[in-house]
Structures are given as C-alpha cells and as structure tokens.
Amino acid sequence: MSIDLKQLKYFLAVAEEKSFSRAAERLHISQPPLSQQIMKLEAELGVKLFARTTRTFELTVAGKALMQEASDLLAKMRMTIDTVRQIDRGEVGRLRVGIVGSAMWGPIPSMLEEFQSKYPRVTWTIHESGPTVQYDALRAKQIDVGFWREPKLDDDELRRDNLKQELCFRENVCVAVNEHHPLAKMDAIELSDIADDPMLTLALDKSAFPRYLIQCCVNAGFQPEIFQEAHEPQTLLAMVGAGLGVTLMPETTARIGWPGVVFLPIRTNPPSANLYITYTTLDDAPVVRAFLNILRPPPAETR
C-alpha cells in the first residue's frame with residue numbers, strides 16, 4: 001500500500017468542502033488531478049470514500065472514519081515537524097553545565113537566566129566540580145559544556161579529545177585579606193606585598209588554577225608560604241576572616257560580603273582569572289549552539 005500525506009491532505013480538503021471544485025480552489029490546483037488523487041487513494045484502500053449522486057455528495061462510513069483519522073494524523077505530523085524544527089534551533093532539549101564554584105559569583109547566573117528566558121523548553125542542570133572532573137565528564141558525554149578558569153588548555157590536547165575551548169569572560173585576580181591586616185586600607189597593592197603572609201589556597205592537586213596563581217607569585221619575586229589548602233573558596237574566605245592568612249580570588253568574589261574580609265585589587269600585572277567554556281566538537285548539538293549564542297552576542301551594527 002502506498003499512501004502519502006498529500007493524498008490525505010487532498011482528501012480532507014474535499015471532505016471538508018464537500019465539493020471537488022471548492023477543494024481544488026482551496027488547494028490551488030486544477031480539479032482533474034485532484035479527482036485522480038482521490039480515485040487513487042480509494043483504489044489503494046479498496047473502499048469508497050464518497051457516495052456521489054447527481055444531487056448529493058456525502059462521505060461514506062469509511063470516508064467519515066478516514067476523515068477523523070487523517071485529521072489527527074496530519075495534526076500530529078504538523079506537531080512533529082514543529083518539534084523537530086524547535087530541536088534544530090535548540091529550543092527543546094536538555095543542557096548539562098559543569099562549572100567551578102567561584103564562577104557562580106560572576107556573570108554566569110544572569111546568563112543562565114537569559115538562556116532560560118529565551119529557551120523555556122530547554123531543561124538545564126548545574127554540575128559543580130573541578131576542571132579535571134569536568135574534562136573527564138565532557139569526554140564521557142556526562143556534561144555538555146564545562147566552565148573553568150585559567151590557564152587555558154593546550155590546543156593540541158583539546159583537539160586530541162575532540163574538545164574546543166573559548167574565552168567567555170575576562171576577569172582579574174585580587175587579594176583577600178583580613179579587615180585588620182595592615183594592607184586592608186590600601187586602594188590597591190602589589191602582589192609582592194603579601195610575600196611574608198601565610199598563603200591560603202585551593203587544593204593544588206585538584207586544579208591547575210591554584211598552581212597557576214602560585215606561579216604568578218613566583219614570577220612576582222617570592223615563593224609563597226602555603227599555610228592551608230581547601231577545596232572550596234568559601235572555606236578559604238572563612239579562614240581569611242578569622243585572620244589565618246591571605247588568599248587570591250577572582251575579583252567577582254568581592255560582590256558577596258564576607259565578614260571580616262577586604263578585597264584588594266592588584267596594581268601591576270594582576271593574574272587573570274579568565275573564565276573559559278569547553279565543549280565537544282563531535283556533536284553538532286543544537287542546544288549547545290543556542291547556549292553559545294547567549295555567550296556570543298551578535299556584533300553591533302555599524303552605520
């Protein structure tokens with residue numbers, strides 16, 4: 001049996017108009033090919049769909065049944081096509097976002113709010129973890145995008161694992177000191193000004209970012225004395241508030257009031273805390289494309 005959607009569309013037009021001429025006009029075709037398609041449909045089904053006389057034009061019992069079924073089928077097909085197009089535009093689906101905790105103090109929440117507003121039918125989830133865990137999750141397709149900070153990954157390494165990394169937000173590092181620290185009332189300091197202070201840092205074996213910050217201290221002329229390591233930025237700031245040492249943090253951390261902590265900009269060559277997004281290049285995922293479009297606003301028109 002070979003019945004196509006065009007035949008069902010033609011049949012519905014005739015059934016609804018109760019006239020071949022009016023149906024042909026509605027479909028913008030001539031009447032003979034319309035009649036031929038209806039006859040072909042009846043032949044394929046082996047039933048009469050219309051009871052025709054010189055005075056009446058009515059659907060048969062089979063025709064009435066097909067009218068209902070064809071109407072439902074075409075409506076479902078239209079919905080299917082619309083859904084497929086929405087999926088292709090990234091308007092339907094799910095997005096799994098890996099992220100380092102400190103990134104949630106910056107522009108990421110507002111970006112997620114914009115994404116939800118523009119794509120309300122996309123469900124998204126946040127998976128907070130370090131860069132190494134995110135990297136493995138990306139390769140295993142357990143997350144769709146990952147956010148972490150400096151240093152940028154090597155391009156050869158990314159290509160090897162079919163990943164791509166893009167800079168999405170620029171940010172500098174600042175120094176968090178106790179409010180009673182001698183430097184606390186300064187407008188800005190040099191990185192070397194904390195050379196003699198106990199250094200509080202994120203766990204050095206969990207991420208390249210804290211190791212990068214230690215190297216920045218070395219480049220500034222001193223080897224910091226690491227007093228304590230912690231897994232969460234909040235833990236470091238709590239220790240700074242207790243007067244146990246100083247720590248280096250992304251500047252957006254200062255947006256949140258931490259009791260007993262003062263955030264000081266670094267005057268000369270501040271280390272960067274730039275935020276990168278990483279995603280796979282193997283799949284052309286429409287939802288990921290839509291998410292990246294939020295990160296990459298179209299360029300302003302020039303006049």
# chains A, B, ... in the order shown; residues from 1 in each chain; ligands from 1
>>> residues_around(residues="Leu8 (chain A)", least_positions_apart="4", cutoff="9 Å", atoms="only C-alpha atoms", output="PDB file with C-alpha atoms, in the first residue's frame")
ATOM      1  CA  ILE A   3      -0.493   6.302   0.581  1.00  0.00           C
ATOM      2  CA  ASP A   4       1.247   9.637   1.005  1.00  0.00           C
ATOM      3  CA  LEU A  12      -9.525  16.221   3.814  1.00  0.00           C
ATOM      4  CA  ALA A  13      -9.985  19.284   1.631  1.00  0.00           C
ATOM      5  CA  ILE A  38      -8.864  10.744  -4.646  1.00  0.00           C
ATOM      6  CA  LEU A  41      -6.499   6.797  -2.654  1.00  0.00           C
ATOM      7  CA  LEU A  66     -10.773   8.251   7.458  1.00  0.00           C
ATOM      8  CA  MET A  67     -11.625  11.936   7.834  1.00  0.00           C
ATOM      9  CA  ALA A  70      -6.442  11.677   8.646  1.00  0.00           C
ATOM     10  CA  SER A  71      -7.175  14.879  10.541  1.00  0.00           C
ATOM     11  CA  LEU A  74      -1.869  15.406   9.843  1.00  0.00           C
TER      12      LEU A  74
END
>>> select_by_dssp(residues="region 9-201 of chain A", states="alpha helix (DSSP H)", output="ChimeraX atom specification")
/A:9-17,20-27,31-45,61-88,108-118,131-139,155-160
>>> residues_around(residues="region 248-253 of chain A", least_positions_apart="2", cutoff="10 Å", atoms="only C-alpha atoms", output="ChimeraX atom specification")
/A:102-107,149,171-177,191,199-202,210,213-214,233-234,236-237,246,255-258,263-266,271-275
>>> atom_distance(atom1="CA of Ser117 (chain A)", atom2="CA of Lys141 (chain A)")
25.5 Å
>>> closest_residue(among="A:Ile226, A:Cys168, A:Ala238, A:Ala24", to="Asp196 (chain A)", atoms="only C-alpha atoms")
A:Ile226
>>> residues_around(residues="Leu138 (chain A)", least_positions_apart="4", cutoff="10 Å", atoms="only C-alpha atoms", output="list in words")
Arg96, Val97, Gly98, Thr132, Val133, Gln134, Gln142, Ile143, Asp144, Val145, Gly146, Asp161, Asn162, Leu163, Thr278, Tyr279 and Thr280 of chain A
>>> closest_residue(among="A:Ala137, A:Ile277, A:Val218, A:Ala62", to="Lys152 (chain A)", atoms="only C-alpha atoms")
A:Ile277
